[in-house]
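Raw query-v8.tsv, TSV, C-alpha atoms:
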```
chain	number	residue	atom	x	y	z
A	13	MET	CA	0.00	0.00	0.00
A	14	GLY	CA	1.26	3.48	-0.87
A	15	LYS	CA	1.68	6.41	1.47
A	16	SER	CA	-1.53	7.63	3.14
A	17	TYR	CA	-2.16	11.36	3.17
A	18	ARG	CA	-5.29	11.07	5.30
A	19	GLU	CA	-5.38	12.12	8.94
A	20	GLU	CA	-7.82	11.06	11.63
A	21	LEU	CA	-9.88	14.04	12.73
A	22	VAL	CA	-10.83	15.23	16.23
A	23	GLY	CA	-11.32	18.70	17.66
A	24	VAL	CA	-13.57	20.96	19.67
A	25	PHE	CA	-17.01	22.50	19.09
A	26	GLY	CA	-17.75	25.74	20.93
A	27	ASP	CA	-19.19	29.24	20.63
A	28	PRO	CA	-17.03	31.22	21.20
A	29	VAL	CA	-14.08	28.92	20.64
A	30	ASP	CA	-11.32	30.98	18.98
A	31	GLU	CA	-9.52	31.39	22.30
A	32	ASN	CA	-9.53	27.68	23.19
A	33	PRO	CA	-5.89	26.46	23.40
A	34	THR	CA	-6.57	22.71	23.50
A	35	VAL	CA	-5.17	22.34	19.98
A	36	VAL	CA	-1.74	23.27	21.36
A	37	VAL	CA	-1.59	20.33	23.76
A	38	ALA	CA	-3.52	17.85	21.63
A	39	GLN	CA	-1.42	18.36	18.51
A	40	LYS	CA	1.81	18.10	20.50
A	41	ALA	CA	0.53	14.87	22.05
A	42	PHE	CA	-0.29	13.37	18.64
A	43	GLU	CA	3.12	14.36	17.25
A	44	THR	CA	4.88	12.79	20.24
A	45	LEU	CA	2.82	9.60	19.91
A	46	GLY	CA	3.63	9.50	16.19
A	47	ILE	CA	0.01	9.06	15.09
A	48	PRO	CA	-1.67	10.86	12.15
A	49	TYR	CA	-4.33	12.83	14.03
A	50	ARG	CA	-5.41	16.42	13.42
A	51	TYR	CA	-7.16	18.56	16.06
A	52	LEU	CA	-9.54	21.20	14.66
A	53	THR	CA	-10.97	24.20	16.53
A	54	ILE	CA	-14.48	24.72	15.14
A	55	ASN	CA	-17.00	27.44	15.91
A	56	VAL	CA	-20.49	25.94	16.07
A	57	HIS	CA	-23.46	28.17	16.88
A	58	PRO	CA	-26.07	26.60	19.18
A	59	GLU	CA	-28.71	26.27	16.45
A	60	ALA	CA	-26.22	24.40	14.24
A	61	LEU	CA	-25.18	21.85	16.86
A	62	PRO	CA	-27.47	18.99	15.70
A	63	ALA	CA	-26.19	19.28	12.13
A	64	ALA	CA	-22.59	19.54	13.32
A	65	LEU	CA	-22.94	16.34	15.34
A	66	GLU	CA	-24.37	14.52	12.32
A	67	GLY	CA	-21.42	15.83	10.35
A	68	LEU	CA	-19.03	13.99	12.67
A	69	LYS	CA	-20.50	10.72	11.42
A	70	ALA	CA	-20.51	11.76	7.78
A	71	MET	CA	-16.86	12.83	7.86
A	72	ASN	CA	-15.79	9.93	10.07
A	73	PHE	CA	-14.32	12.05	12.87
A	74	LYS	CA	-12.82	9.93	15.65
A	75	GLY	CA	-14.32	12.22	18.24
A	76	MET	CA	-14.85	15.76	19.45
A	77	HIS	CA	-14.50	17.93	22.52
A	78	LEU	CA	-17.45	20.09	23.55
A	79	THR	CA	-17.09	23.40	25.32
A	80	ILE	CA	-19.42	26.31	26.12
A	81	PRO	CA	-22.36	26.22	25.37
A	82	HIS	CA	-22.68	22.63	24.11
A	83	LYS	CA	-21.86	20.33	27.04
A	84	VAL	CA	-25.48	19.87	28.09
A	85	ALA	CA	-27.26	20.73	24.85
A	86	ALA	CA	-25.54	17.92	22.90
A	87	ILE	CA	-26.83	15.07	25.05
A	88	PRO	CA	-30.19	14.49	23.27
A	89	TYR	CA	-28.39	14.09	19.95
A	90	LEU	CA	-25.93	11.41	21.08
A	91	ASP	CA	-26.53	7.69	20.67
A	92	SER	CA	-25.34	6.90	24.21
A	93	ILE	CA	-23.57	8.45	27.18
A	94	SER	CA	-21.50	6.92	29.95
A	95	GLU	CA	-22.95	6.38	33.42
A	96	GLU	CA	-20.66	9.11	34.79
A	97	ALA	CA	-21.75	11.62	32.14
A	98	ALA	CA	-25.39	10.75	32.83
A	99	ILE	CA	-24.95	11.56	36.53
A	100	MET	CA	-23.14	14.78	35.67
A	101	GLY	CA	-25.73	15.73	33.07
A	102	ALA	CA	-22.95	17.04	30.83
A	103	VAL	CA	-20.60	15.76	28.13
A	104	ASN	CA	-17.24	17.24	27.15
A	105	THR	CA	-15.91	14.38	25.01
A	106	ILE	CA	-17.60	12.55	22.13
A	107	VAL	CA	-16.27	9.25	20.82
A	108	ASN	CA	-17.34	8.02	17.37
A	109	GLN	CA	-17.83	4.26	17.71
A	110	ASN	CA	-18.48	2.96	14.20
A	111	GLY	CA	-20.94	5.73	13.40
A	112	LYS	CA	-22.50	5.86	16.86
A	113	LEU	CA	-21.69	8.88	19.03
A	114	ARG	CA	-20.99	8.17	22.69
A	115	GLY	CA	-20.70	10.92	25.28
A	116	GLU	CA	-18.07	10.89	28.02
A	117	ASN	CA	-16.94	13.50	30.54
A	118	THR	CA	-13.27	14.04	31.39
A	119	ASP	CA	-13.60	17.54	32.90
A	120	GLY	CA	-14.00	16.41	36.49
A	121	LYS	CA	-11.15	13.92	36.30
A	122	GLY	CA	-8.93	16.58	34.76
A	123	PHE	CA	-9.76	19.04	37.53
A	124	MET	CA	-9.19	16.50	40.30
A	125	ALA	CA	-5.85	15.44	38.81
A	126	SER	CA	-4.62	19.04	38.86
A	127	VAL	CA	-5.72	19.42	42.49
A	128	VAL	CA	-4.10	16.15	43.60
A	129	ASN	CA	-0.92	16.99	41.68
A	130	ALA	CA	-0.77	20.27	43.61
A	131	GLY	CA	-0.62	18.24	46.82
A	132	ILE	CA	-4.15	19.06	47.98
A	133	ASP	CA	-6.33	16.59	49.89
A	134	VAL	CA	-10.01	17.51	49.53
A	135	THR	CA	-11.31	14.91	51.98
A	136	GLY	CA	-13.80	16.45	54.39
A	137	LYS	CA	-13.19	19.96	53.06
A	138	LYS	CA	-15.77	22.69	52.44
A	139	VAL	CA	-15.81	23.78	48.80
A	140	THR	CA	-17.54	26.85	47.37
A	141	MET	CA	-18.21	26.68	43.64
A	142	LEU	CA	-19.11	29.56	41.34
A	143	GLY	CA	-21.40	28.32	38.57
A	144	ALA	CA	-23.60	25.31	37.90
A	145	GLY	CA	-23.08	24.64	34.18
A	146	GLY	CA	-21.49	21.70	32.40
A	147	ALA	CA	-18.00	22.03	33.88
A	148	ALA	CA	-19.46	22.68	37.34
A	149	ARG	CA	-21.55	19.51	37.21
A	150	ALA	CA	-18.55	17.37	36.29
A	151	ILE	CA	-16.31	18.94	38.93
A	152	ALA	CA	-18.99	18.71	41.62
A	153	VAL	CA	-19.50	14.99	41.01
A	154	GLU	CA	-15.77	14.25	41.15
A	155	LEU	CA	-15.36	16.34	44.31
A	156	ALA	CA	-18.22	14.41	45.90
A	157	ARG	CA	-16.62	11.12	44.92
A	158	ALA	CA	-13.36	12.30	46.45
A	159	GLY	CA	-15.10	12.78	49.80
A	160	ILE	CA	-15.49	16.51	50.35
A	161	GLY	CA	-17.57	17.41	53.38
A	162	GLU	CA	-19.69	20.29	52.08
A	163	LEU	CA	-20.38	22.03	48.78
A	164	VAL	CA	-21.82	25.53	48.42
A	165	ILE	CA	-23.07	26.25	44.89
A	166	ILE	CA	-23.36	29.93	43.90
A	167	ASN	CA	-25.23	30.46	40.63
A	168	ARG	CA	-27.47	33.04	38.98
A	169	SER	CA	-29.99	30.55	37.59
A	170	GLU	CA	-31.95	29.10	40.49
A	171	ALA	CA	-33.29	26.23	38.38
A	172	ARG	CA	-29.81	25.15	37.31
A	173	GLY	CA	-28.33	25.61	40.79
A	174	LYS	CA	-31.06	23.70	42.59
A	175	GLY	CA	-31.02	21.06	39.86
A	176	LEU	CA	-27.37	20.36	40.59
A	177	VAL	CA	-28.12	20.18	44.32
A	178	GLU	CA	-30.83	17.57	43.64
A	179	THR	CA	-28.49	15.54	41.45
A	180	LEU	CA	-25.78	15.47	44.09
A	181	GLU	CA	-28.17	14.70	46.95
A	182	SER	CA	-29.63	11.76	45.01
A	183	HIS	CA	-26.22	10.16	44.45
A	184	PHE	CA	-24.19	11.30	47.47
A	185	SER	CA	-26.45	11.18	50.52
A	186	ASP	CA	-23.64	11.96	52.98
A	187	LEU	CA	-22.67	15.20	51.23
A	188	LYS	CA	-24.03	18.50	52.54
A	189	VAL	CA	-24.98	20.65	49.53
A	190	VAL	CA	-26.25	24.24	49.68
A	191	TYR	CA	-27.45	26.50	46.85
A	192	ARG	CA	-27.18	30.29	47.03
A	193	CYS	CA	-28.64	32.61	44.43
A	194	TRP	CA	-26.01	34.86	42.86
A	195	ASP	CA	-28.16	37.99	42.70
A	196	HIS	CA	-25.78	40.26	44.62
A	197	THR	CA	-22.09	40.58	45.47
A	198	MET	CA	-21.36	37.32	47.27
A	199	THR	CA	-19.24	36.91	50.38
A	200	ILE	CA	-17.31	33.64	50.47
A	201	ASP	CA	-17.77	31.78	53.77
A	202	GLU	CA	-14.72	32.11	56.00
A	203	ASP	CA	-14.57	28.34	56.58
A	204	THR	CA	-14.33	27.64	52.84
A	205	ALA	CA	-11.20	25.61	52.17
A	206	ILE	CA	-11.42	25.62	48.36
A	207	LEU	CA	-13.05	28.19	46.06
A	208	VAL	CA	-13.59	27.12	42.45
A	209	ASN	CA	-14.69	29.30	39.55
A	210	THR	CA	-16.36	27.14	36.88
A	211	THR	CA	-17.95	30.03	34.97
A	212	ASP	CA	-16.59	31.73	31.84
A	213	ILE	CA	-15.93	34.98	33.74
A	214	GLY	CA	-12.47	36.08	32.69
A	215	LEU	CA	-12.34	34.06	29.48
A	216	TYR	CA	-10.69	35.76	26.50
A	217	PRO	CA	-11.50	38.35	25.22
A	218	ASN	CA	-13.08	39.44	28.52
A	219	VAL	CA	-9.84	39.01	30.43
A	220	ASP	CA	-10.52	41.92	32.78
A	221	ALA	CA	-13.84	40.51	33.98
A	222	ARG	CA	-14.05	39.54	37.64
A	223	PRO	CA	-16.67	37.46	39.44
A	224	ASP	CA	-19.04	39.51	41.59
A	225	ILE	CA	-17.72	38.43	44.98
A	226	VAL	CA	-16.23	40.19	48.01
A	227	PHE	CA	-12.55	39.62	47.34
A	228	ASP	CA	-11.60	40.48	50.91
A	229	SER	CA	-13.50	37.35	51.99
A	230	ILE	CA	-10.65	35.35	50.41
A	231	HIS	CA	-7.88	34.62	52.93
A	232	ASP	CA	-4.48	32.97	53.09
A	233	ARG	CA	-5.82	29.60	54.29
A	234	MET	CA	-7.98	29.27	51.18
A	235	ILE	CA	-7.15	27.52	47.90
A	236	VAL	CA	-8.59	29.32	44.86
A	237	CYS	CA	-9.03	27.47	41.55
A	238	ASP	CA	-10.13	28.81	38.19
A	239	VAL	CA	-10.96	26.59	35.20
A	240	ILE	CA	-10.37	29.39	32.65
A	241	PRO	CA	-7.51	28.30	30.33
A	242	ASN	CA	-7.05	31.52	28.34
A	243	HIS	CA	-5.69	33.67	29.78
A	244	PRO	CA	-4.95	31.38	32.75
A	245	HIS	CA	-3.84	34.16	35.11
A	246	THR	CA	-7.37	35.48	35.65
A	247	GLN	CA	-8.42	38.49	37.68
A	248	LEU	CA	-9.85	36.12	40.30
A	249	LEU	CA	-6.48	34.42	40.74
A	250	LYS	CA	-4.69	37.78	40.86
A	251	GLU	CA	-7.01	38.95	43.64
A	252	ALA	CA	-6.49	35.68	45.51
A	253	GLU	CA	-2.71	36.02	45.24
A	254	LYS	CA	-2.92	39.52	46.72
A	255	ARG	CA	-4.42	37.89	49.79
A	256	GLN	CA	-1.75	35.14	49.91
A	257	ALA	CA	-4.16	32.36	48.94
A	258	LYS	CA	-2.77	29.34	47.08
A	259	THR	CA	-4.01	29.35	43.46
A	260	ILE	CA	-4.51	26.76	40.72
A	261	ASP	CA	-5.18	27.90	37.16
A	262	GLY	CA	-7.12	26.12	34.40
A	263	LEU	CA	-4.16	24.79	32.42
A	264	GLY	CA	-3.66	21.69	34.55
A	265	MET	CA	-7.29	20.72	34.11
A	266	LEU	CA	-7.01	21.31	30.36
A	267	ILE	CA	-3.97	19.04	30.08
A	268	ASN	CA	-5.32	16.25	32.28
A	269	GLN	CA	-8.78	16.12	30.71
A	270	CYS	CA	-7.17	16.07	27.26
A	271	VAL	CA	-5.02	13.08	28.24
A	272	GLU	CA	-8.21	11.21	29.14
A	273	SER	CA	-9.98	12.24	25.92
A	274	ILE	CA	-7.04	11.18	23.77
A	275	ARG	CA	-7.13	7.77	25.44
A	276	TYR	CA	-10.79	7.42	24.42
A	277	TRP	CA	-10.08	8.46	20.83
A	278	THR	CA	-6.83	6.62	20.16
A	279	GLY	CA	-6.31	4.00	22.86
A	280	GLU	CA	-2.94	5.66	23.54
A	281	THR	CA	-1.70	7.43	26.67
A	282	ALA	CA	-0.48	10.93	25.88
A	283	ASP	CA	2.58	12.39	27.59
A	284	ALA	CA	1.30	15.10	29.94
A	285	GLU	CA	4.81	16.46	30.39
A	286	VAL	CA	5.27	17.36	26.71
A	287	MET	CA	1.76	18.83	26.71
A	288	LYS	CA	2.74	20.99	29.68
A	289	GLU	CA	5.88	22.14	27.88
A	290	ALA	CA	3.82	23.09	24.81
A	291	LEU	CA	1.52	25.28	26.90
A	292	ALA	CA	4.43	26.84	28.77
A	293	GLU	CA	5.98	27.83	25.44
A	294	GLU	CA	2.64	29.10	24.12
A	295	TYR	CA	1.99	31.38	27.10
A	296	GLY	CA	5.53	32.08	28.22
A	297	ILE	CA	4.69	31.07	31.78
A	298	SER	CA	5.35	28.19	34.15
A	299	VAL	CA	2.66	25.51	33.88
A	300	HIS	CA	1.71	22.92	36.49
A	301	TYR	CA	-0.62	19.99	35.88
```

In structure tokens, write the structure found in this file.
Amino acid sequence: MGKSYREELVGVFGDPVDENPTVVVAQKAFETLGIPYRYLTINVHPEALPAALEGLKAMNFKGMHLTIPHKVAAIPYLDSISEEAAIMGAVNTIVNQNGKLRGENTDGKGFMASVVNAGIDVTGKKVTMLGAGGAARAIAVELARAGIGELVIINRSEARGKGLVETLESHFSDLKVVYRCWDHTMTIDEDTAILVNTTDIGLYPNVDARPDIVFDSIHDRMIVCDVIPNHPHTQLLKEAEKRQAKTIDGLGMLINQCVESIRYWTGETADAEVMKEALAEEYGISVHY
């Protein structure tokens, strides 16, 4: 057989998506593994999502990442989803299995890996989480599985916030879960051990945006995490650093969840270290995963 010029296709659907840096780590991973895969960053408007998902089958994509606003909206159009994704009510990774689209979720695992790699034990801790969307659902489930003691969910949409509370209470009966409506400037409880922003506040191009919280309620015994990957040094993290809190940016989560997704798509284990180096070069900063 002669030389093949065809590449296996994967990528990400989002809106907006131009700022998503996953291609940097995914392409470096494929090159290091020596496999002919191409990662595409594709803007898909919400109304076009059903057609885009059908297109994955027609063009024989191996799979696709989903980011804002598609992680929940895509579920009705998939042929199946994993048990974990069903509990989370969100999908961030699609796998094309012989023309059948299966939904998985690697967000929560990616987040937890970055926390564990930073030397943090979440067992019994109180966590306050900003947001209740797709990423929040995945992270909340993995935090619950890891044995946190209490979760406070702060979200503008009461229906979405309370819906996540109900999901967690139905699967993790020992976990204390509280919803608070984000209709004013929120004070973070003093006994919060870990604060996590799962919203898109601070995402490029709105890099100067800050969550509507009382920043002086952050203290030096708190760990502050932000899932925003671009730019990773968000205003929230800058404010936390001013108050001597330990911070974790979104790049570790991005790397670790991508490792899991690549395993689904290719059966191979990507090298997280070379992915970290690719991001460090891209941003000109030190990256931890």

Counting only C-alpha atoms, which residues of region 158-226 of chain A sit at most 6 Å from some atom of region 232-240 of chain A, and what is each one's closest atom pair with its distance in Å to one decimal, listed by chain and rising residue number, as JSON lines?
```
{"residue": "A:Ala205", "atom": "CA", "partner": "A:Met234", "partner_atom": "CA", "distance": 5.0}
{"residue": "A:Ile206", "atom": "CA", "partner": "A:Ile235", "partner_atom": "CA", "distance": 4.7}
{"residue": "A:Leu207", "atom": "CA", "partner": "A:Val236", "partner_atom": "CA", "distance": 4.8}
{"residue": "A:Val208", "atom": "CA", "partner": "A:Cys237", "partner_atom": "CA", "distance": 4.7}
{"residue": "A:Asn209", "atom": "CA", "partner": "A:Asp238", "partner_atom": "CA", "distance": 4.8}
{"residue": "A:Thr210", "atom": "CA", "partner": "A:Val239", "partner_atom": "CA", "distance": 5.7}
{"residue": "A:Leu215", "atom": "CA", "partner": "A:Ile240", "partner_atom": "CA", "distance": 6.0}
```

Shell of 6 Å around region 162-177 of chain A, only C-alpha atoms, local chain residues under 5 positions omitted, as a list in words: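 The neighbour list is Lys138, Val139, Thr140, Met141, Leu142, Gly143, Ala144, Leu187, Lys188, Val189, Val190, Tyr191, Arg192, Cys193 and Trp194 of chain A.
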
Spatial neighbours of region 64-73 of chain A, 8 Å, only C-alpha atoms, chain gap at least 3 places, as number ranges by chain: A: 20-22, 56, 60-61, 76, 89, 108, 111-113

Write out the residues from the selection above, keeping C-alpha atoms, as a PDB file, in the frame of the given file.
```pdb
ATOM      1  CA  GLU A  20      -7.820  11.060  11.630  1.00  0.00           C
ATOM      2  CA  LEU A  21      -9.880  14.040  12.730  1.00  0.00           C
ATOM      3  CA  VAL A  22     -10.830  15.230  16.230  1.00  0.00           C
ATOM      4  CA  VAL A  56     -20.490  25.940  16.070  1.00  0.00           C
ATOM      5  CA  ALA A  60     -26.220  24.400  14.240  1.00  0.00           C
ATOM      6  CA  LEU A  61     -25.180  21.850  16.860  1.00  0.00           C
ATOM      7  CA  MET A  76     -14.850  15.760  19.450  1.00  0.00           C
ATOM      8  CA  TYR A  89     -28.390  14.090  19.950  1.00  0.00           C
ATOM      9  CA  ASN A 108     -17.340   8.020  17.370  1.00  0.00           C
ATOM     10  CA  GLY A 111     -20.940   5.730  13.400  1.00  0.00           C
ATOM     11  CA  LYS A 112     -22.500   5.860  16.860  1.00  0.00           C
ATOM     12  CA  LEU A 113     -21.690   8.880  19.030  1.00  0.00           C
TER      13      LEU A 113
END
```

Nearest to Lys254 (chain A) by atom-to-atom distance, counting only C-alpha atoms, from A:His82, A:Ala63, A:Gly14, A:Ile230: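 Result for the nearest residue to Lys254 (chain A): A:Ile230.
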
Minimum-distance residue to Asp119 (chain A), chosen among A:Thr135, A:Gln256, A:Thr79, A:Gln247 (using only C-alpha atoms):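 Of all the options, A:Thr79 lies closest to Asp119 (chain A).
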
Best match for closeness to Asn104 (chain A) among A:Leu266, A:Leu249, A:Ala38, A:Val226, counting only C-alpha atoms: A:Leu266

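Each of A:Asp195, A:Gly120, A:Ile225, A:Ile297 was checked against Thr105 (chain A) using only C-alpha atoms; the smallest atom-to-atom distance is that of A:Gly120.
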
Protein/DNA/RNA residues near (-5.0, 24.3, 32.6), cut 10 Å, all atoms listed in the file, as a ChimeraX atom specification: /A:33-34,122-123,126,238-244,260-269,288,291,299-301

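Here CA of Gly145 (chain A) is placed at a distance of 28.9 Å from CA of Gly279 (chain A).
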
Point-to-point distance from CA of Glu59 (chain A) to CA of Ala85 (chain A), Å rounded to tenths: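 Answer for the CA of Glu59 (chain A) to CA of Ala85 (chain A) separation: 10.2 Å.
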
Distance criterion (all atoms listed in the file): nearest to Ala282 (chain A) out of A:Glu19, A:Glu31, A:Asp133, A:Glu43: A:Glu43

Distance of CA of Lys74 (chain A) from CA of Thr278 (chain A), expressed in Å to one decimal place: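 Interatomic distance, CA of Thr278 (chain A) to CA of Lys74 (chain A): 8.2 Å.
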
From A:Thr197, A:Ser94, A:Asn110, A:Asn117, residue lying nearest Arg222 (chain A) [only C-alpha atoms]: A:Thr197

Contacts of region 284-286 of chain A at 7 Å (all atoms listed in the file; same-chain gap of 3+ positions) as a count of residues only: 4

Would you pick out the contacts of Leu45 (chain A) at 9 Å or less, using all atoms listed in the file, so that residues sharing its chain but fewer than 2 positions from it are not included, and give the list as a CSV table (one decimal) with C-alpha atoms, in the coordinates of the input?
```
chain,number,residue,atom,x,y,z
A,40,LYS,CA,1.8,18.1,20.5
A,41,ALA,CA,0.5,14.9,22.0
A,42,PHE,CA,-0.3,13.4,18.6
A,43,GLU,CA,3.1,14.4,17.2
A,47,ILE,CA,0.0,9.1,15.1
A,280,GLU,CA,-2.9,5.7,23.5
A,281,THR,CA,-1.7,7.4,26.7
A,282,ALA,CA,-0.5,10.9,25.9
A,283,ASP,CA,2.6,12.4,27.6
```
